Every structure is written in C-alpha cells, then in structure tokens.
Amino acid sequence: MWAILALSLAGAILLVEVARRMLARAGNKWSLPRHLVEHCTWAGFATAVVIVVNLVFNPGQFGTTPRDLSRDAAIDHGLGLVTIACVTWLIVGAAYAVTDVILDHLVLVEGEQNRRARRIMTQIALVRRVATAVIVVVALGAMLFSFPQVRALGAGLLASAGIAGAIVGIAAQSTIGNMLAGLQLAFSDALRLDDVVVVNNEWGRIEELTLTYVVLRLWDERRLVLPVSYFTQNPFENWTRHGSRVLAVVYLRMDWSVPVDALREELHRYIQENPLWDQKDWTMQVTDVLPNGLVEVRALMSAADSASAWDLKCDVREHLVGYVRKNHPDALPRFRVDLPTGPVTDTAAWAGDSPAPRPEA
C-alpha cells in the first residue's frame, strides 16, 4: 500500500509539474497561462496530492477492529476536509487568474477610454473579493456540515436563523454598512481606482478600494486610509470624475503699474514652449483690486492631468516672477502712504504720542 501511495504521489506531482512547465512556456505568448502559474501552482500541487491520497486510502485496510475502523474514519474525514480546502484554494486562484487577464488589458487603455477602463477595474476588483468571500463561506459550510453533530443541529439553526440574523446585523452594522457603501461606490461610478481626489484638504490618488476601506496615496507618498462609508456620507472632490483634464491657476498680486498686455504676451509665449500645457486653454485677466491697494492678476492654463497642472503652475509662477522683477520692477508690490502736505511742527504729537518731558535745569 505504501509503495502504491508513493508511486501515485510521485506521478501526481510529476503531472502537475509538467502542466506547470507547459503553462509557463505558453505564458510567454498569452497572459492567462502566466497568471494560472502565478496563482494556481501551489494550490494545484496540494490538490493533486490530496486527491491521490483520497483515492489510494480505503478505510479498513489497516485493520477491521473497532479501534482501527474509528481511526480510519477520522483519517477519511480529515482528508475530506483538506480536499475541500485545497479545491477552494484552487478555484479562488483560477478566478483571480482569469480576472487578472482582463485587468491587464484595462491597464493599457489610455486617452478618453481610460475613465471607463478604471471604472470596470474597480468593479472587477470588488466583485472578485465578494465572490472569494462567498466561495470561502460555502466551503466552510460544507466542511462544517461534514460533522454529524452539526448536521443534527441544522434544523435548529435554520429555525433560529431569523433571530440570529437580526443579532448579527445589529452587531455588525458598521461593517455591513461599509460593504454596501463599497458596492455603491463601485457601481455608481462615483469613485474609481487611480482617481484624483481631495479629502480633508489632502490631495491624492485612489490606490486601493475594498469593500470596507479606501487607501488614498497622497502627493508626498503618505497613505490615508478611510472607511468606505466616509465617501458616501461626506463631500469630497473628484478631479477625474468625467476626465483627467484640469485647469491650472496662478495668482499674482502686483502694483497698479503692471503692464497687463505685456505680461499676457509673455505668458502665452512661455506656455507654448512648456510641454506641460495641453495646447488648449489659456488666459490672463485682472480679477480683483484688493483692499491693500494691489491688483490681482490671474493666469489660467489647462493641463492633461492634475500632476501636470501642479508642475505647470509652479513653472509659470516662477517664470512670471522673474520676468516682472527683471523687466518691470515698478510693477512689484508696493504699499503707498499719504503724508500730510503742510509743515509738521511736532512730529511726536502728529504721531499720536505725547512729547517726552524735558529735564529741568
């Protein structure tokens, strides 16, 4: 029996290894075999070994005494549980491999179709997590119902399912709410992977979106982790909701003598040479006269995405500051004060201070 088991195990492992090598070779041309090797190799070995042991092992072949039969029944039951676990592992790995093929194609989508591709990526990522959870729960249920004691309690459990469900629902209210919020975000297209958002004055991209939490990768490589329910209960900015194009705005506060026309021509000349400008929109306007006596000039340019818009704003601001300082120094910010035109005999009194007492002789 042991010789047969050893030969069977060697044959099963060899067969799985041959299949793995064939899939790895095919993975050089197609993505599905490559992902199957990545996700299913160890699950395949484990499943093959357990199936072979199940086929070779027969209860009662080591003895027919009650003790031997009880031991063989326990071994057979344990093998059944391990088989369910390994097959579940293999199914989940295969599901991830198939969905990874779709995600690989969606990652390559650029341009106007990128927004739709990111929406589908978000939905696939959440759906496969839900599917994995369902598969695992079904497998655990099958493993539990393989125990006679659990099967005997089945009727009682079903009878009290309503009360138990209500108790679990109340206890896990926040968790269930987060899961429903995650599905709502994914299928309402309100939030997608790689979206640029502003949350609590923090700018970043959606790095991970699960059923319970959202990971926001901030501009300085920090990670902000928020519950999914936050995005359904609080306002947030989504800069890539319908597209990635963003307007960059630069404000300059300058003196009234600023030559707006010359500054506008210099802005146009500079952004035409800057690769961050998407060659679409630009303007320069005097938008306000501030209470402190300065003029507010606004330069507006369009960019392909928020990262390019930020760099473009910094470049334009730096260039215009240098241009004004070099060519129009009179336009630099200055604050004017009107002084009295008549003679002032007592400057201390004019300043609002009482004169200092003179020392007596």
# chains A, B, ... in the order shown; residues from 1 in each chain; ligands from 1
call {"tool": "select_by_dssp", "arguments": {"residues": "stretch 82-311 of chain A", "states": "strand (DSSP E or B)", "output": "ChimeraX atom specification"}}
result
/A:196-199,202-209,213-218,223-227,237-238,246-254,277-289,295-303
call {"tool": "residues_around", "arguments": {"residues": "A:Ser31", "least_positions_apart": "6", "cutoff": "10 Å", "atoms": "only C-alpha atoms", "output": "list in words"}}
result
Leu23, Ala24, Ala97, Val98, Asp100, Val101, Ile102, Asp104 and His105 of chain A
call {"tool": "write_last_selection", "arguments": {"atoms": "N, CA and C atoms", "output": "compact mmCIF listing (two decimals), in the first residue's frame"}}
result
# COMPACT_ATOMS: atom_id res chain seq x y z
N LEU A 23 2.38 25.47 -19.09
CA LEU A 23 1.71 26.76 -18.93
C LEU A 23 2.71 27.91 -18.87
N ALA A 24 3.84 27.68 -18.19
CA ALA A 24 4.86 28.73 -18.11
C ALA A 24 5.42 29.06 -19.49
N ALA A 97 -6.80 34.45 -11.57
CA ALA A 97 -6.03 34.41 -12.81
C ALA A 97 -6.85 34.91 -13.99
N VAL A 98 -8.11 34.48 -14.08
CA VAL A 98 -8.97 34.91 -15.19
C VAL A 98 -9.23 36.41 -15.12
N ASP A 100 -7.37 38.66 -13.67
CA ASP A 100 -6.13 39.39 -13.92
C ASP A 100 -5.88 39.60 -15.40
N VAL A 101 -6.31 38.66 -16.22
CA VAL A 101 -6.17 38.83 -17.68
C VAL A 101 -6.96 40.05 -18.14
N ILE A 102 -8.18 40.19 -17.63
CA ILE A 102 -9.00 41.35 -18.00
C ILE A 102 -8.38 42.64 -17.47
N ASP A 104 -5.25 43.27 -16.90
CA ASP A 104 -4.05 43.60 -17.67
C ASP A 104 -4.40 44.39 -18.92
N HIS A 105 -5.47 44.00 -19.59
CA HIS A 105 -5.88 44.73 -20.79
C HIS A 105 -6.42 46.12 -20.45
call {"tool": "atom_distance", "arguments": {"atom1": "atom CA of A:Glu207", "atom2": "atom CA of A:Asp315"}}
result
27.6 Å
call {"tool": "residues_around", "arguments": {"residues": "stretch 233-244 of chain A", "least_positions_apart": "2", "cutoff": "9 Å", "atoms": "only C-alpha atoms", "output": "PyMOL selection string"}}
result
chain A and resi 112+114-115+189-192+194-200+229-231+246+303-306
call {"tool": "write_last_selection", "arguments": {"atoms": "N, CA, C and O atoms", "output": "PDB file, in the first residue's frame"}}
result
ATOM      1  N   GLU A 112      -9.287  58.880 -23.821  1.00  0.00           N
ATOM      2  CA  GLU A 112     -10.649  59.103 -23.368  1.00  0.00           C
ATOM      3  C   GLU A 112     -11.291  57.852 -22.785  1.00  0.00           C
ATOM      4  O   GLU A 112     -12.232  57.931 -22.011  1.00  0.00           O
ATOM      5  N   ASN A 114      -9.833  55.778 -20.822  1.00  0.00           N
ATOM      6  CA  ASN A 114      -9.208  55.406 -19.558  1.00  0.00           C
ATOM      7  C   ASN A 114     -10.178  55.479 -18.391  1.00  0.00           C
ATOM      8  O   ASN A 114     -10.136  54.657 -17.477  1.00  0.00           O
ATOM      9  N   ARG A 115     -11.071  56.467 -18.400  1.00  0.00           N
ATOM     10  CA  ARG A 115     -12.025  56.612 -17.296  1.00  0.00           C
ATOM     11  C   ARG A 115     -12.944  55.399 -17.211  1.00  0.00           C
ATOM     12  O   ARG A 115     -13.181  54.861 -16.126  1.00  0.00           O
ATOM     13  N   ASP A 189     -20.185  54.520 -10.038  1.00  0.00           N
ATOM     14  CA  ASP A 189     -19.116  55.230 -10.749  1.00  0.00           C
ATOM     15  C   ASP A 189     -18.735  56.535 -10.052  1.00  0.00           C
ATOM     16  O   ASP A 189     -18.252  57.471 -10.676  1.00  0.00           O
ATOM     17  N   ALA A 190     -18.974  56.615  -8.740  1.00  0.00           N
ATOM     18  CA  ALA A 190     -18.585  57.815  -8.006  1.00  0.00           C
ATOM     19  C   ALA A 190     -17.102  57.835  -7.679  1.00  0.00           C
ATOM     20  O   ALA A 190     -16.515  58.904  -7.510  1.00  0.00           O
ATOM     21  N   LEU A 191     -16.475  56.659  -7.593  1.00  0.00           N
ATOM     22  CA  LEU A 191     -15.068  56.566  -7.221  1.00  0.00           C
ATOM     23  C   LEU A 191     -14.466  55.373  -7.945  1.00  0.00           C
ATOM     24  O   LEU A 191     -15.078  54.304  -8.011  1.00  0.00           O
ATOM     25  N   ARG A 192     -13.260  55.576  -8.490  1.00  0.00           N
ATOM     26  CA  ARG A 192     -12.589  54.515  -9.233  1.00  0.00           C
ATOM     27  C   ARG A 192     -11.130  54.450  -8.804  1.00  0.00           C
ATOM     28  O   ARG A 192     -10.595  55.399  -8.222  1.00  0.00           O
ATOM     29  N   ASP A 194      -7.306  54.878  -9.079  1.00  0.00           N
ATOM     30  CA  ASP A 194      -6.444  55.885  -9.695  1.00  0.00           C
ATOM     31  C   ASP A 194      -7.148  57.219  -9.894  1.00  0.00           C
ATOM     32  O   ASP A 194      -6.619  58.099 -10.568  1.00  0.00           O
ATOM     33  N   ASP A 195      -8.352  57.399  -9.324  1.00  0.00           N
ATOM     34  CA  ASP A 195      -8.988  58.710  -9.363  1.00  0.00           C
ATOM     35  C   ASP A 195      -8.190  59.691  -8.512  1.00  0.00           C
ATOM     36  O   ASP A 195      -7.622  59.324  -7.478  1.00  0.00           O
ATOM     37  N   VAL A 196      -8.172  60.942  -8.948  1.00  0.00           N
ATOM     38  CA  VAL A 196      -7.528  62.011  -8.180  1.00  0.00           C
ATOM     39  C   VAL A 196      -8.605  62.699  -7.343  1.00  0.00           C
ATOM     40  O   VAL A 196      -9.579  63.230  -7.890  1.00  0.00           O
ATOM     41  N   VAL A 197      -8.449  62.653  -6.029  1.00  0.00           N
ATOM     42  CA  VAL A 197      -9.457  63.199  -5.129  1.00  0.00           C
ATOM     43  C   VAL A 197      -8.788  64.111  -4.108  1.00  0.00           C
ATOM     44  O   VAL A 197      -7.584  64.026  -3.864  1.00  0.00           O
ATOM     45  N   VAL A 198      -9.615  64.972  -3.525  1.00  0.00           N
ATOM     46  CA  VAL A 198      -9.185  65.833  -2.419  1.00  0.00           C
ATOM     47  C   VAL A 198     -10.117  65.542  -1.245  1.00  0.00           C
ATOM     48  O   VAL A 198     -11.326  65.756  -1.337  1.00  0.00           O
ATOM     49  N   VAL A 199      -9.545  65.039  -0.167  1.00  0.00           N
ATOM     50  CA  VAL A 199     -10.304  64.671   1.031  1.00  0.00           C
ATOM     51  C   VAL A 199      -9.676  65.375   2.227  1.00  0.00           C
ATOM     52  O   VAL A 199      -8.485  65.209   2.505  1.00  0.00           O
ATOM     53  N   ASN A 200     -10.470  66.171   2.919  1.00  0.00           N
ATOM     54  CA  ASN A 200      -9.960  66.917   4.083  1.00  0.00           C
ATOM     55  C   ASN A 200      -8.716  67.729   3.727  1.00  0.00           C
ATOM     56  O   ASN A 200      -7.715  67.724   4.449  1.00  0.00           O
ATOM     57  N   SER A 229     -17.562  54.031   3.993  1.00  0.00           N
ATOM     58  CA  SER A 229     -18.757  54.816   4.311  1.00  0.00           C
ATOM     59  C   SER A 229     -18.459  56.315   4.368  1.00  0.00           C
ATOM     60  O   SER A 229     -19.377  57.132   4.227  1.00  0.00           O
ATOM     61  N   TYR A 230     -17.199  56.694   4.564  1.00  0.00           N
ATOM     62  CA  TYR A 230     -16.853  58.119   4.601  1.00  0.00           C
ATOM     63  C   TYR A 230     -17.231  58.796   3.284  1.00  0.00           C
ATOM     64  O   TYR A 230     -17.726  59.927   3.260  1.00  0.00           O
ATOM     65  N   PHE A 231     -17.000  58.099   2.166  1.00  0.00           N
ATOM     66  CA  PHE A 231     -17.227  58.698   0.857  1.00  0.00           C
ATOM     67  C   PHE A 231     -18.702  58.736   0.480  1.00  0.00           C
ATOM     68  O   PHE A 231     -19.061  59.399  -0.495  1.00  0.00           O
ATOM     69  N   VAL A 246      -7.398  69.247 -16.250  1.00  0.00           N
ATOM     70  CA  VAL A 246      -7.533  70.162 -15.116  1.00  0.00           C
ATOM     71  C   VAL A 246      -7.043  71.544 -15.538  1.00  0.00           C
ATOM     72  O   VAL A 246      -6.117  71.663 -16.359  1.00  0.00           O
ATOM     73  N   ALA A 303      -4.122  71.701 -18.405  1.00  0.00           N
ATOM     74  CA  ALA A 303      -3.129  70.626 -18.416  1.00  0.00           C
ATOM     75  C   ALA A 303      -3.850  69.289 -18.539  1.00  0.00           C
ATOM     76  O   ALA A 303      -5.050  69.179 -18.284  1.00  0.00           O
ATOM     77  N   ALA A 304      -3.104  68.269 -18.928  1.00  0.00           N
ATOM     78  CA  ALA A 304      -3.709  66.962 -19.186  1.00  0.00           C
ATOM     79  C   ALA A 304      -4.205  66.287 -17.929  1.00  0.00           C
ATOM     80  O   ALA A 304      -5.193  65.563 -17.948  1.00  0.00           O
ATOM     81  N   ASP A 305      -3.529  66.510 -16.783  1.00  0.00           N
ATOM     82  CA  ASP A 305      -3.940  65.885 -15.536  1.00  0.00           C
ATOM     83  C   ASP A 305      -3.505  66.772 -14.380  1.00  0.00           C
ATOM     84  O   ASP A 305      -2.832  67.785 -14.575  1.00  0.00           O
ATOM     85  N   SER A 306      -3.893  66.381 -13.173  1.00  0.00           N
ATOM     86  CA  SER A 306      -3.633  67.225 -12.008  1.00  0.00           C
ATOM     87  C   SER A 306      -2.152  67.337 -11.682  1.00  0.00           C
ATOM     88  O   SER A 306      -1.686  68.388 -11.241  1.00  0.00           O
TER      89      SER A 306
END
call {"tool": "residues_around", "arguments": {"residues": "stretch 280-297 of chain A", "least_positions_apart": "3", "cutoff": "7 Å", "atoms": "only C-alpha atoms", "output": "PDB file with N, CA, C and O atoms, in the first residue's frame"}}
result
ATOM      1  N   TYR A 251      -2.119  83.091  -9.289  1.00  0.00           N
ATOM      2  CA  TYR A 251      -2.482  84.446  -8.902  1.00  0.00           C
ATOM      3  C   TYR A 251      -1.224  85.255  -8.607  1.00  0.00           C
ATOM      4  O   TYR A 251      -0.315  84.779  -7.922  1.00  0.00           O
ATOM      5  N   LEU A 252      -1.192  86.482  -9.115  1.00  0.00           N
ATOM      6  CA  LEU A 252      -0.112  87.415  -8.827  1.00  0.00           C
ATOM      7  C   LEU A 252      -0.725  88.704  -8.273  1.00  0.00           C
ATOM      8  O   LEU A 252      -1.669  89.251  -8.864  1.00  0.00           O
ATOM      9  N   ARG A 253      -0.235  89.177  -7.145  1.00  0.00           N
ATOM     10  CA  ARG A 253      -0.681  90.445  -6.567  1.00  0.00           C
ATOM     11  C   ARG A 253       0.393  91.483  -6.849  1.00  0.00           C
ATOM     12  O   ARG A 253       1.516  91.361  -6.342  1.00  0.00           O
ATOM     13  N   MET A 254       0.039  92.491  -7.625  1.00  0.00           N
ATOM     14  CA  MET A 254       1.042  93.420  -8.134  1.00  0.00           C
ATOM     15  C   MET A 254       0.554  94.858  -8.012  1.00  0.00           C
ATOM     16  O   MET A 254      -0.602  95.131  -7.684  1.00  0.00           O
ATOM     17  N   ASP A 255       1.470  95.784  -8.342  1.00  0.00           N
ATOM     18  CA  ASP A 255       1.167  97.208  -8.292  1.00  0.00           C
ATOM     19  C   ASP A 255       0.293  97.590  -9.484  1.00  0.00           C
ATOM     20  O   ASP A 255       0.236  96.885 -10.499  1.00  0.00           O
ATOM     21  N   TRP A 256      -0.368  98.757  -9.365  1.00  0.00           N
ATOM     22  CA  TRP A 256      -1.249  99.221 -10.438  1.00  0.00           C
ATOM     23  C   TRP A 256      -0.484  99.502 -11.735  1.00  0.00           C
ATOM     24  O   TRP A 256      -1.084  99.539 -12.813  1.00  0.00           O
ATOM     25  N   ARG A 264       0.617  89.346 -20.443  1.00  0.00           N
ATOM     26  CA  ARG A 264      -0.193  88.345 -21.139  1.00  0.00           C
ATOM     27  C   ARG A 264       0.574  87.751 -22.317  1.00  0.00           C
ATOM     28  O   ARG A 264       0.559  86.538 -22.548  1.00  0.00           O
ATOM     29  N   LEU A 300      -4.452  81.590 -16.211  1.00  0.00           N
ATOM     30  CA  LEU A 300      -5.137  80.302 -16.253  1.00  0.00           C
ATOM     31  C   LEU A 300      -4.644  79.512 -17.455  1.00  0.00           C
ATOM     32  O   LEU A 300      -4.609  80.019 -18.581  1.00  0.00           O
ATOM     33  N   MET A 301      -4.253  78.236 -17.203  1.00  0.00           N
ATOM     34  CA  MET A 301      -3.774  77.346 -18.258  1.00  0.00           C
ATOM     35  C   MET A 301      -4.374  75.960 -18.039  1.00  0.00           C
ATOM     36  O   MET A 301      -4.670  75.592 -16.909  1.00  0.00           O
ATOM     37  N   SER A 302      -4.548  75.206 -19.090  1.00  0.00           N
ATOM     38  CA  SER A 302      -5.080  73.846 -18.981  1.00  0.00           C
ATOM     39  C   SER A 302      -3.933  72.847 -19.083  1.00  0.00           C
ATOM     40  O   SER A 302      -2.925  73.084 -19.754  1.00  0.00           O
ATOM     41  N   PRO A 333       4.982  94.550  -5.986  1.00  0.00           N
ATOM     42  CA  PRO A 333       4.044  95.019  -4.959  1.00  0.00           C
ATOM     43  C   PRO A 333       4.648  96.105  -4.096  1.00  0.00           C
ATOM     44  O   PRO A 333       5.790  95.998  -3.639  1.00  0.00           O
ATOM     45  N   PHE A 335       3.260  99.335  -1.141  1.00  0.00           N
ATOM     46  CA  PHE A 335       2.165  99.904  -0.367  1.00  0.00           C
ATOM     47  C   PHE A 335       2.417 101.406  -0.230  1.00  0.00           C
ATOM     48  O   PHE A 335       3.490 101.835   0.212  1.00  0.00           O
TER      49      PHE A 335
END
call {"tool": "atom_distance", "arguments": {"atom1": "atom CA of A:Leu312", "atom2": "atom CA of A:Glu265"}}
result
17.1 Å
call {"tool": "residues_around", "arguments": {"residues": "A:Leu224", "least_positions_apart": "2", "cutoff": "9 Å", "atoms": "only C-alpha atoms", "output": "PDB file with C-alpha atoms, in the first residue's frame"}}
result
ATOM      1  CA  GLU A 202      -5.423  66.235   1.252  1.00  0.00           C
ATOM      2  CA  GLY A 204      -4.018  62.104  -3.633  1.00  0.00           C
ATOM      3  CA  VAL A 214     -10.209  53.052   0.770  1.00  0.00           C
ATOM      4  CA  VAL A 215      -6.455  53.731   0.597  1.00  0.00           C
ATOM      5  CA  LEU A 216      -5.540  57.194  -0.675  1.00  0.00           C
ATOM      6  CA  ARG A 217      -1.927  57.674  -1.816  1.00  0.00           C
ATOM      7  CA  LEU A 218      -1.092  61.293  -1.035  1.00  0.00           C
ATOM      8  CA  ARG A 222       1.823  59.012   2.644  1.00  0.00           C
ATOM      9  CA  LEU A 226     -10.580  55.844   5.270  1.00  0.00           C
TER      10      LEU A 226
END
call {"tool": "residues_around", "arguments": {"residues": "stretch 181-186 of chain A", "least_positions_apart": "3", "cutoff": "8 Å", "atoms": "only C-alpha atoms", "output": "PyMOL selection string"}}
result
chain A and resi 119+122-123+126+177-178+189-192+209-213+228-229+232
call {"tool": "write_last_selection", "arguments": {"atoms": "C-alpha atoms", "output": "compact mmCIF listing (two decimals), in the first residue's frame"}}
result
# COMPACT_ATOMS: atom_id res chain seq x y z
CA ARG A 119 -14.45 52.06 -13.59
CA THR A 122 -12.79 48.94 -9.75
CA GLN A 123 -15.93 46.88 -10.23
CA LEU A 126 -14.70 44.42 -5.74
CA GLY A 177 -22.77 49.39 6.01
CA ASN A 178 -19.19 49.69 4.76
CA ASP A 189 -19.12 55.23 -10.75
CA ALA A 190 -18.58 57.81 -8.01
CA LEU A 191 -15.07 56.57 -7.22
CA ARG A 192 -12.59 54.52 -9.23
CA LEU A 209 -10.63 50.29 -3.00
CA THR A 210 -12.07 47.40 -0.99
CA LEU A 211 -15.46 46.60 0.48
CA THR A 212 -14.51 48.10 3.85
CA TYR A 213 -11.83 50.77 3.35
CA VAL A 228 -15.74 53.32 2.56
CA SER A 229 -18.76 54.82 4.31
CA THR A 232 -20.99 58.12 0.97
call {"tool": "atom_distance", "arguments": {"atom1": "atom CA of A:Arg25", "atom2": "atom CA of A:Phe45"}}
result
18.3 Å
call {"tool": "residues_around", "arguments": {"residues": "A:Ala46", "least_positions_apart": "3", "cutoff": "10 Å", "atoms": "only C-alpha atoms", "output": "list in words"}}
result
Ile13, Val16, Cys40, Thr41, Trp42, Ala43, Val49, Val50, Ile51, Val82, Thr83, Ala85, Cys86, Val87, Trp89 and Leu90 of chain A
call {"tool": "closest_residue", "arguments": {"among": "A:Ala10, A:Ser257, A:Glu17, A:Val225", "to": "A:Pro329", "atoms": "only C-alpha atoms"}}
result
A:Ser257
